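> Got a structure for you, written out below as structure tokens; questions coming shortly.
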Amino acid sequence: MAVVVQHSSERLWPAYFRFSQAHFGLGEFGVFVFFLVSGFIIPASLERGRSLGAFWVGRFFRLFPLFWACLVGAVILHSIHRYMLPGGFLADPVRSFMANLTMMQFFIGSWDIQIIGASWSLSYELTFYLLLSLLLIAGLNRRSVPLAVLAVGLIAPGALLPAALITGGAANVGTRSIVAVVTVVVAAVFVYLAADRRLALAAILIAFITVPLVLNQPGPSVLTFGYFATMFVGTVLYRITSGEVAAWRGWAVFGFAICVIFGICTFVEPVLDATSGVWVTWVKQPSTIIPAYLVFAGALLLRRRSFPRPLLFLGRISYSLYVVHALVLDGLPRWTTSVAGIPALWLTFFSWVIGAVVTAAVTYRLIEKPCHNLGHRMIARVDARKRAAEHPRSVTA
């Protein structure tokens, strides 16, 4: 909802857009909360006792059907002039559409080929799943504290890593060779740590997908490491609730991350934002990111209390809300006159927000939830076959 409010408000009120660029970004705040949530819940899903394949089947049916439906919906709306597709996409629509289908379009191309602008964070989400899968194969997935400390510690050095080493303007034979070497080395390490040949082959496949993608991120590398570090911090907090990590150690990692983020931001030089025309100083990032950490920590500490039903409802439809709201904001026309003393801008804002929630509720009911249930049924069927193959006599009995 923070992202919906951000995207709605910045379209309507230039003064708010300038404030959000210079002081506090509500949408970015929401994304960091989202990354902490992902880091918290995904390890629990991955380590539920089922196979790595079952995890990916579940994730596929949870994420892709709705996302693909929104991609098609965006293209249809564009054809009737109710949705704006970026110039990079229009320059090569077939190739760009195929890239978007992978949900890795942010790493494959850039901001300028994304059909749904907010989907850049889903590319990070999917890459985080790949990283966790590698760690599971190597038996390192429960080493959450050292992994989080390492990830946080890499944020500052990450600023030195050039962006887009494969497809960017500075990409050449040398940078691509570096990517290839790093990929082979990472694959070799995880093959060595894998328990059997099947997992070793899976490690090779995942490494050859993940490493080039991460090294081809189009934006500042310091942000990439910051996003992944945030997810790993979320995992540490999950380990506290599961009893695997002492509370003092987990909260120490949490505090360490906040201190590093604040410290790095103080070295940021002011830059002129070309879109809003405001100077963005070092204050913007800590004033946006640290509140996200604190809100998540507060919710975690209150997790045993009951929450209002409207918030629980928004939680259920949150993925649908995140991916469909851009279509609603472009698809619904703006009000041009006030009604009953309510200004047209506010009527437009409430129409967009309510329209996004209603549309998300519908897509959740018709697409997201049925596909999610289908994934669970497929996993249960595979599990039943596996049990039958392992214990044929007991199953027959």
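Chain labels follow the order of the structure tokens: the first chain is A, the next B, and so on; residue numbering restarts at 1 in every chain, and ligands are counted from 1 in their shown order.
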Per residue of stretch 62-167 of chain A within 10 Å of stretch 200-223 of chain A, which atom pair is closest and at what distance in Å (one decimal), using only C-alpha atoms, listed by chain and increasing number, as CSV?

```
residue,atom,partner,partner_atom,distance
A:Met104,CA,A:Leu213,CA,8.0
A:Gln105,CA,A:Leu213,CA,9.7
A:Phe106,CA,A:Gln217,CA,7.1
A:Phe107,CA,A:Gln217,CA,4.8
A:Ile108,CA,A:Leu213,CA,6.8
A:Gly109,CA,A:Pro218,CA,7.4
A:Ser110,CA,A:Pro218,CA,5.7
A:Trp111,CA,A:Pro218,CA,7.8
A:Ser123,CA,A:Leu213,CA,9.5
A:Tyr124,CA,A:Val214,CA,8.8
A:Leu126,CA,A:Thr210,CA,9.6
A:Thr127,CA,A:Thr210,CA,6.5
A:Phe128,CA,A:Thr210,CA,9.1
A:Tyr129,CA,A:Thr210,CA,9.8
A:Leu130,CA,A:Ile206,CA,6.4
A:Leu131,CA,A:Thr210,CA,7.3
A:Ser133,CA,A:Ile206,CA,7.9
A:Leu134,CA,A:Ala203,CA,6.1
A:Leu135,CA,A:Ala203,CA,9.3
A:Leu136,CA,A:Ala203,CA,9.8
A:Ile137,CA,A:Ala203,CA,6.9
A:Ala138,CA,A:Ala203,CA,8.6
A:Leu154,CA,A:Val222,CA,8.3
A:Ile155,CA,A:Val222,CA,5.3
A:Ala156,CA,A:Val222,CA,6.3
A:Pro157,CA,A:Val222,CA,7.5
A:Gly158,CA,A:Val222,CA,4.8
A:Ala159,CA,A:Val222,CA,4.4
A:Leu160,CA,A:Ser221,CA,7.4
A:Leu161,CA,A:Ser221,CA,5.9
A:Pro162,CA,A:Ser221,CA,6.9
A:Ala163,CA,A:Pro218,CA,5.3
A:Ala164,CA,A:Asn216,CA,4.0
A:Leu165,CA,A:Asn216,CA,5.1
A:Ile166,CA,A:Asn216,CA,5.7
A:Thr167,CA,A:Asn216,CA,7.0
```
> Taking the chain letters and numbering used in this document, name the residues of stretch 106-353 of chain A that DSSP puts in strand (DSSP E), as a list in words.
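Matching residues, listed in order: Val271, Leu272, Trp279 and Val280 of chain A.
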> Please dump the current selection as a PDB file, in the first residue's frame; keep C-alpha atoms.

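Written out: part33.pdb:
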```pdb
ATOM      1  CA  VAL A 271      23.199  14.722  -6.694  1.00  0.00           C
ATOM      2  CA  LEU A 272      20.661  16.624  -8.754  1.00  0.00           C
ATOM      3  CA  TRP A 279      19.118  17.937  -4.767  1.00  0.00           C
ATOM      4  CA  VAL A 280      19.231  14.507  -3.139  1.00  0.00           C
TER       5      VAL A 280
END
```
> I'd like the contact shell of A:Ala118 - 8 Å cut-off, only C-alpha atoms, skipping same-chain residues fewer than 5 positions apart - returned as a PDB file with all heavy atoms, in the first residue's frame.

```pdb
ATOM      1  N   TYR A 322       0.529  -5.123  -5.470  1.00  0.00           N
ATOM      2  CA  TYR A 322       1.821  -4.606  -5.929  1.00  0.00           C
ATOM      3  C   TYR A 322       1.948  -4.642  -7.446  1.00  0.00           C
ATOM      4  O   TYR A 322       2.465  -3.701  -8.056  1.00  0.00           O
ATOM      5  CB  TYR A 322       2.944  -5.418  -5.282  1.00  0.00           C
ATOM      6  CG  TYR A 322       4.322  -4.829  -5.493  1.00  0.00           C
ATOM      7  CD1 TYR A 322       4.728  -3.698  -4.795  1.00  0.00           C
ATOM      8  CD2 TYR A 322       5.216  -5.407  -6.385  1.00  0.00           C
ATOM      9  CE1 TYR A 322       5.991  -3.161  -4.983  1.00  0.00           C
ATOM     10  CE2 TYR A 322       6.477  -4.872  -6.573  1.00  0.00           C
ATOM     11  CZ  TYR A 322       6.865  -3.750  -5.869  1.00  0.00           C
ATOM     12  OH  TYR A 322       8.111  -3.218  -6.068  1.00  0.00           O
ATOM     13  N   VAL A 323       1.491  -5.720  -8.067  1.00  0.00           N
ATOM     14  CA  VAL A 323       1.722  -5.856  -9.503  1.00  0.00           C
ATOM     15  C   VAL A 323       0.607  -5.268 -10.360  1.00  0.00           C
ATOM     16  O   VAL A 323       0.837  -4.943 -11.532  1.00  0.00           O
ATOM     17  CB  VAL A 323       1.964  -7.336  -9.892  1.00  0.00           C
ATOM     18  CG1 VAL A 323       3.238  -7.856  -9.263  1.00  0.00           C
ATOM     19  CG2 VAL A 323       0.788  -8.212  -9.535  1.00  0.00           C
ATOM     20  N   ALA A 326      -0.133  -0.485 -11.071  1.00  0.00           N
ATOM     21  CA  ALA A 326       0.327   0.365 -12.177  1.00  0.00           C
ATOM     22  C   ALA A 326      -0.682   0.372 -13.321  1.00  0.00           C
ATOM     23  O   ALA A 326      -0.898   1.403 -13.972  1.00  0.00           O
ATOM     24  CB  ALA A 326       1.687  -0.124 -12.679  1.00  0.00           C
TER      25      ALA A 326
END
```
> Provide the atom CA of A:Ala340 to atom CA of A:Ser9 distance in Å, to one decimal place.
21.3 Å
> Any idea what's packed within 9 Å of A:Asp330, counting only C-alpha atoms, ignoring anything in its chain fewer than 5 positions away? Could you give it as a ChimeraX atom specification?
/A:77,82-84,325
> Identify, with DSSP run on backbone atoms, the residues in stretch 91-139 of chain A assigned to helix (DSSP H, G or I), and express the list as a ChimeraX atom specification.
/A:91,93-101,105-108,111-113,117-138
> Just the selected residues (N, CA and C atoms), exported as a compact mmCIF listing (two decimals), in the first residue's frame, please.

```txt
# COMPACT_ATOMS: atom_id res chain seq x y z
N ALA A 91 11.32 -0.28 -28.47
CA ALA A 91 12.37 -0.40 -29.47
C ALA A 91 12.57 -1.83 -29.92
N PRO A 93 10.12 -4.87 -28.93
CA PRO A 93 9.05 -5.39 -28.07
C PRO A 93 9.07 -6.90 -27.88
N VAL A 94 9.40 -7.67 -28.91
CA VAL A 94 9.37 -9.13 -28.77
C VAL A 94 10.43 -9.60 -27.77
N ARG A 95 11.66 -9.14 -27.98
CA ARG A 95 12.74 -9.53 -27.09
C ARG A 95 12.48 -9.04 -25.67
N SER A 96 11.99 -7.82 -25.54
CA SER A 96 11.73 -7.26 -24.21
C SER A 96 10.61 -8.00 -23.51
N PHE A 97 9.57 -8.38 -24.27
CA PHE A 97 8.46 -9.12 -23.65
C PHE A 97 8.95 -10.47 -23.14
N MET A 98 9.78 -11.15 -23.92
CA MET A 98 10.32 -12.43 -23.48
C MET A 98 11.17 -12.26 -22.23
N ALA A 99 11.93 -11.18 -22.15
CA ALA A 99 12.73 -10.91 -20.96
C ALA A 99 11.84 -10.69 -19.75
N ASN A 100 10.73 -9.97 -19.94
CA ASN A 100 9.80 -9.73 -18.84
C ASN A 100 9.15 -11.01 -18.35
N LEU A 101 8.93 -11.96 -19.24
CA LEU A 101 8.32 -13.23 -18.84
C LEU A 101 9.16 -13.97 -17.81
N GLN A 105 13.85 -9.39 -15.80
CA GLN A 105 14.10 -8.36 -16.79
C GLN A 105 14.99 -7.23 -16.29
N PHE A 106 14.96 -6.96 -14.99
CA PHE A 106 15.77 -5.87 -14.46
C PHE A 106 17.26 -6.19 -14.59
N PHE A 107 17.63 -7.46 -14.41
CA PHE A 107 19.02 -7.86 -14.54
C PHE A 107 19.40 -8.14 -15.99
N ILE A 108 18.44 -8.61 -16.79
CA ILE A 108 18.73 -8.91 -18.19
C ILE A 108 18.90 -7.64 -19.00
N TRP A 111 15.96 -0.67 -16.53
CA TRP A 111 14.68 -0.07 -16.19
C TRP A 111 13.81 0.11 -17.43
N ASP A 112 14.45 0.36 -18.55
CA ASP A 112 13.73 0.84 -19.72
C ASP A 112 13.05 -0.27 -20.52
N ILE A 113 13.14 -1.51 -20.11
CA ILE A 113 12.41 -2.56 -20.83
C ILE A 113 11.30 -3.16 -19.96
N GLY A 117 6.77 -1.16 -14.01
CA GLY A 117 7.92 -0.52 -13.41
C GLY A 117 8.31 -1.08 -12.06
N ALA A 118 7.33 -1.38 -11.22
CA ALA A 118 7.62 -1.86 -9.87
C ALA A 118 8.18 -3.28 -9.85
N SER A 119 8.19 -3.96 -10.99
CA SER A 119 8.62 -5.35 -11.01
C SER A 119 10.13 -5.52 -10.85
N TRP A 120 10.88 -4.40 -10.81
CA TRP A 120 12.33 -4.54 -10.59
C TRP A 120 12.61 -5.27 -9.28
N SER A 121 11.79 -5.01 -8.26
CA SER A 121 12.03 -5.66 -6.97
C SER A 121 11.75 -7.16 -7.03
N LEU A 122 10.86 -7.58 -7.94
CA LEU A 122 10.59 -9.01 -8.08
C LEU A 122 11.80 -9.74 -8.66
N SER A 123 12.59 -9.04 -9.48
CA SER A 123 13.84 -9.63 -9.97
C SER A 123 14.77 -9.93 -8.81
N TYR A 124 14.85 -9.01 -7.85
CA TYR A 124 15.68 -9.25 -6.66
C TYR A 124 15.10 -10.39 -5.83
N GLU A 125 13.79 -10.43 -5.73
CA GLU A 125 13.13 -11.49 -4.96
C GLU A 125 13.48 -12.86 -5.54
N LEU A 126 13.37 -12.99 -6.85
CA LEU A 126 13.64 -14.28 -7.49
C LEU A 126 15.12 -14.65 -7.35
N THR A 127 15.99 -13.67 -7.46
CA THR A 127 17.42 -13.94 -7.30
C THR A 127 17.74 -14.37 -5.88
N PHE A 128 17.04 -13.80 -4.91
CA PHE A 128 17.22 -14.22 -3.52
C PHE A 128 16.84 -15.69 -3.35
N TYR A 129 15.77 -16.12 -4.03
CA TYR A 129 15.40 -17.54 -3.98
C TYR A 129 16.53 -18.42 -4.52
N LEU A 130 17.15 -17.96 -5.60
CA LEU A 130 18.25 -18.71 -6.20
C LEU A 130 19.43 -18.80 -5.25
N LEU A 131 19.75 -17.69 -4.60
CA LEU A 131 20.86 -17.69 -3.64
C LEU A 131 20.57 -18.64 -2.48
N LEU A 132 19.34 -18.61 -1.96
CA LEU A 132 18.98 -19.51 -0.86
C LEU A 132 19.03 -20.96 -1.31
N SER A 133 18.67 -21.21 -2.56
CA SER A 133 18.72 -22.58 -3.08
C SER A 133 20.16 -23.09 -3.12
N LEU A 134 21.09 -22.23 -3.54
CA LEU A 134 22.50 -22.62 -3.53
C LEU A 134 22.98 -22.91 -2.11
N LEU A 135 22.59 -22.06 -1.18
CA LEU A 135 23.00 -22.26 0.20
C LEU A 135 22.42 -23.55 0.77
N LEU A 136 21.19 -23.88 0.39
CA LEU A 136 20.57 -25.13 0.84
C LEU A 136 21.33 -26.33 0.30
N ILE A 137 21.70 -26.27 -0.97
CA ILE A 137 22.45 -27.37 -1.59
C ILE A 137 23.77 -27.59 -0.86
N ALA A 138 24.41 -26.49 -0.45
CA ALA A 138 25.71 -26.59 0.22
C ALA A 138 25.59 -26.84 1.72
```
> If you measure from atom CA of A:Phe296 to atom CA of A:Val33, what distance in Å do you get, rounded to one decimal?
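So the answer is 6.3 Å.
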> What is the atom CA of A:Phe228 to atom CA of A:Phe35 distance in Å?
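Going from atom CA of A:Phe228 over to atom CA of A:Phe35, I get 8.0 Å.
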> Looking at only C-alpha atoms, which of A:Ile240, A:Ala44, A:Ala246, A:Met103 is the one that sits closest to A:Leu301?
A:Ile240
> Have a look at A:Ala148, A:Ile258, A:Leu311, A:Val233 and name the one nearest to A:Pro286; count only C-alpha atoms.
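Of the candidates, the smallest distance to A:Pro286 is held by A:Ile258.
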> Would you kindly return, as a list in words, each protein, DNA or RNA residue with an atom no farther than 10 Å from any atom of A:Arg50, considering only C-alpha atoms and excluding same-chain residues fewer than 6 positions away?
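The residues satisfying every condition are Ile379, Ala380 and Asp383 of chain A.
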> Name the residues in contact with A:Val295 at a cut-off of 12 Å, using only C-alpha atoms, excluding same-chain residues fewer than 5 positions from it; report them as a PyMOL selection string.
chain A and resi 29-30+32-34+36-37+288-290+300-302
> Keeping all heavy atoms for every residue in the selection just given, could you write it to a file as an mmCIF file, in the first residue's frame?

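Contents of part-v6.cif, freshly written:
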```
data_model
loop_
_atom_site.group_PDB
_atom_site.id
_atom_site.type_symbol
_atom_site.label_atom_id
_atom_site.label_comp_id
_atom_site.auth_asym_id
_atom_site.auth_seq_id
_atom_site.Cartn_x
_atom_site.Cartn_y
_atom_site.Cartn_z
ATOM 1 N N PHE A 29 10.495 2.931 1.095
ATOM 2 C CA PHE A 29 10.247 2.416 2.443
ATOM 3 C C PHE A 29 9.477 1.103 2.373
ATOM 4 O O PHE A 29 9.836 0.106 3.021
ATOM 5 C CB PHE A 29 9.474 3.472 3.239
ATOM 6 C CG PHE A 29 8.752 2.954 4.455
ATOM 7 C CD1 PHE A 29 9.397 2.855 5.673
ATOM 8 C CD2 PHE A 29 7.416 2.567 4.373
ATOM 9 C CE1 PHE A 29 8.725 2.380 6.803
ATOM 10 C CE2 PHE A 29 6.737 2.101 5.488
ATOM 11 C CZ PHE A 29 7.397 1.995 6.705
ATOM 12 N N GLY A 30 8.407 1.076 1.571
ATOM 13 C CA GLY A 30 7.603 -0.132 1.433
ATOM 14 C C GLY A 30 8.379 -1.282 0.842
ATOM 15 O O GLY A 30 8.224 -2.443 1.255
ATOM 16 N N PHE A 32 11.633 -1.839 1.105
ATOM 17 C CA PHE A 32 12.556 -2.390 2.106
ATOM 18 C C PHE A 32 11.812 -3.245 3.135
ATOM 19 O O PHE A 32 12.344 -4.266 3.585
ATOM 20 C CB PHE A 32 13.348 -1.267 2.774
ATOM 21 C CG PHE A 32 14.645 -0.962 2.071
ATOM 22 C CD1 PHE A 32 14.701 -0.008 1.078
ATOM 23 C CD2 PHE A 32 15.803 -1.662 2.377
ATOM 24 C CE1 PHE A 32 15.884 0.262 0.414
ATOM 25 C CE2 PHE A 32 16.998 -1.409 1.720
ATOM 26 C CZ PHE A 32 17.040 -0.440 0.733
ATOM 27 N N VAL A 33 10.602 -2.842 3.510
ATOM 28 C CA VAL A 33 9.798 -3.699 4.370
ATOM 29 C C VAL A 33 9.524 -5.027 3.657
ATOM 30 O O VAL A 33 9.619 -6.114 4.253
ATOM 31 C CB VAL A 33 8.481 -3.007 4.763
ATOM 32 C CG1 VAL A 33 7.582 -3.975 5.533
ATOM 33 C CG2 VAL A 33 8.754 -1.776 5.616
ATOM 34 N N PHE A 34 9.212 -4.942 2.377
ATOM 35 C CA PHE A 34 8.942 -6.128 1.549
ATOM 36 C C PHE A 34 10.154 -7.061 1.527
ATOM 37 O O PHE A 34 10.026 -8.284 1.659
ATOM 38 C CB PHE A 34 8.563 -5.654 0.146
ATOM 39 C CG PHE A 34 8.676 -6.679 -0.939
ATOM 40 C CD1 PHE A 34 7.839 -7.773 -0.982
ATOM 41 C CD2 PHE A 34 9.608 -6.533 -1.952
ATOM 42 C CE1 PHE A 34 7.930 -8.712 -1.997
ATOM 43 C CE2 PHE A 34 9.704 -7.463 -2.974
ATOM 44 C CZ PHE A 34 8.866 -8.558 -2.986
ATOM 45 N N LEU A 36 12.547 -7.268 3.804
ATOM 46 C CA LEU A 36 12.681 -7.870 5.136
ATOM 47 C C LEU A 36 11.679 -9.012 5.322
ATOM 48 O O LEU A 36 12.013 -10.069 5.875
ATOM 49 C CB LEU A 36 12.471 -6.807 6.210
ATOM 50 C CG LEU A 36 13.634 -5.837 6.427
ATOM 51 C CD1 LEU A 36 13.173 -4.603 7.202
ATOM 52 C CD2 LEU A 36 14.782 -6.523 7.171
ATOM 53 N N VAL A 37 10.460 -8.806 4.846
ATOM 54 C CA VAL A 37 9.435 -9.854 4.929
ATOM 55 C C VAL A 37 9.865 -11.082 4.130
ATOM 56 O O VAL A 37 9.738 -12.226 4.593
ATOM 57 C CB VAL A 37 8.079 -9.324 4.436
ATOM 58 C CG1 VAL A 37 7.076 -10.461 4.295
ATOM 59 C CG2 VAL A 37 7.538 -8.265 5.381
ATOM 60 N N THR A 288 14.729 6.933 4.951
ATOM 61 C CA THR A 288 13.762 6.040 4.313
ATOM 62 C C THR A 288 13.956 4.592 4.753
ATOM 63 O O THR A 288 12.994 3.892 5.083
ATOM 64 C CB THR A 288 13.889 6.128 2.782
ATOM 65 O OG1 THR A 288 13.600 7.460 2.357
ATOM 66 C CG2 THR A 288 12.943 5.164 2.094
ATOM 67 N N ILE A 289 15.205 4.137 4.781
ATOM 68 C CA ILE A 289 15.495 2.723 5.030
ATOM 69 C C ILE A 289 15.381 2.371 6.510
ATOM 70 O O ILE A 289 14.777 1.349 6.880
ATOM 71 C CB ILE A 289 16.901 2.365 4.503
ATOM 72 C CG1 ILE A 289 16.972 2.619 2.993
ATOM 73 C CG2 ILE A 289 17.235 0.911 4.816
ATOM 74 C CD1 ILE A 289 18.373 2.503 2.421
ATOM 75 N N ILE A 290 15.949 3.201 7.374
ATOM 76 C CA ILE A 290 15.941 2.883 8.805
ATOM 77 C C ILE A 290 14.522 2.798 9.364
ATOM 78 O O ILE A 290 14.207 1.873 10.129
ATOM 79 C CB ILE A 290 16.819 3.881 9.587
ATOM 80 C CG1 ILE A 290 18.287 3.687 9.183
ATOM 81 C CG2 ILE A 290 16.657 3.692 11.090
ATOM 82 C CD1 ILE A 290 19.240 4.687 9.798
ATOM 83 N N LEU A 300 7.319 -7.309 14.297
ATOM 84 C CA LEU A 300 7.810 -8.605 14.755
ATOM 85 C C LEU A 300 7.622 -8.767 16.263
ATOM 86 O O LEU A 300 7.191 -9.813 16.753
ATOM 87 C CB LEU A 300 9.285 -8.754 14.384
ATOM 88 C CG LEU A 300 9.966 -10.063 14.776
ATOM 89 C CD1 LEU A 300 9.280 -11.242 14.095
ATOM 90 C CD2 LEU A 300 11.438 -10.018 14.402
ATOM 91 N N LEU A 301 7.919 -7.715 16.992
ATOM 92 C CA LEU A 301 7.766 -7.767 18.445
ATOM 93 C C LEU A 301 6.303 -7.876 18.864
ATOM 94 O O LEU A 301 5.992 -8.383 19.946
ATOM 95 C CB LEU A 301 8.412 -6.537 19.080
ATOM 96 C CG LEU A 301 9.936 -6.445 18.941
ATOM 97 C CD1 LEU A 301 10.444 -5.105 19.461
ATOM 98 C CD2 LEU A 301 10.621 -7.597 19.682
ATOM 99 N N LEU A 302 5.396 -7.415 18.001
ATOM 100 C CA LEU A 302 3.961 -7.462 18.302
ATOM 101 C C LEU A 302 3.256 -8.636 17.621
ATOM 102 O O LEU A 302 2.031 -8.672 17.561
ATOM 103 C CB LEU A 302 3.299 -6.151 17.849
ATOM 104 C CG LEU A 302 3.745 -4.874 18.573
ATOM 105 C CD1 LEU A 302 3.130 -3.647 17.897
ATOM 106 C CD2 LEU A 302 3.360 -4.919 20.045
#
```
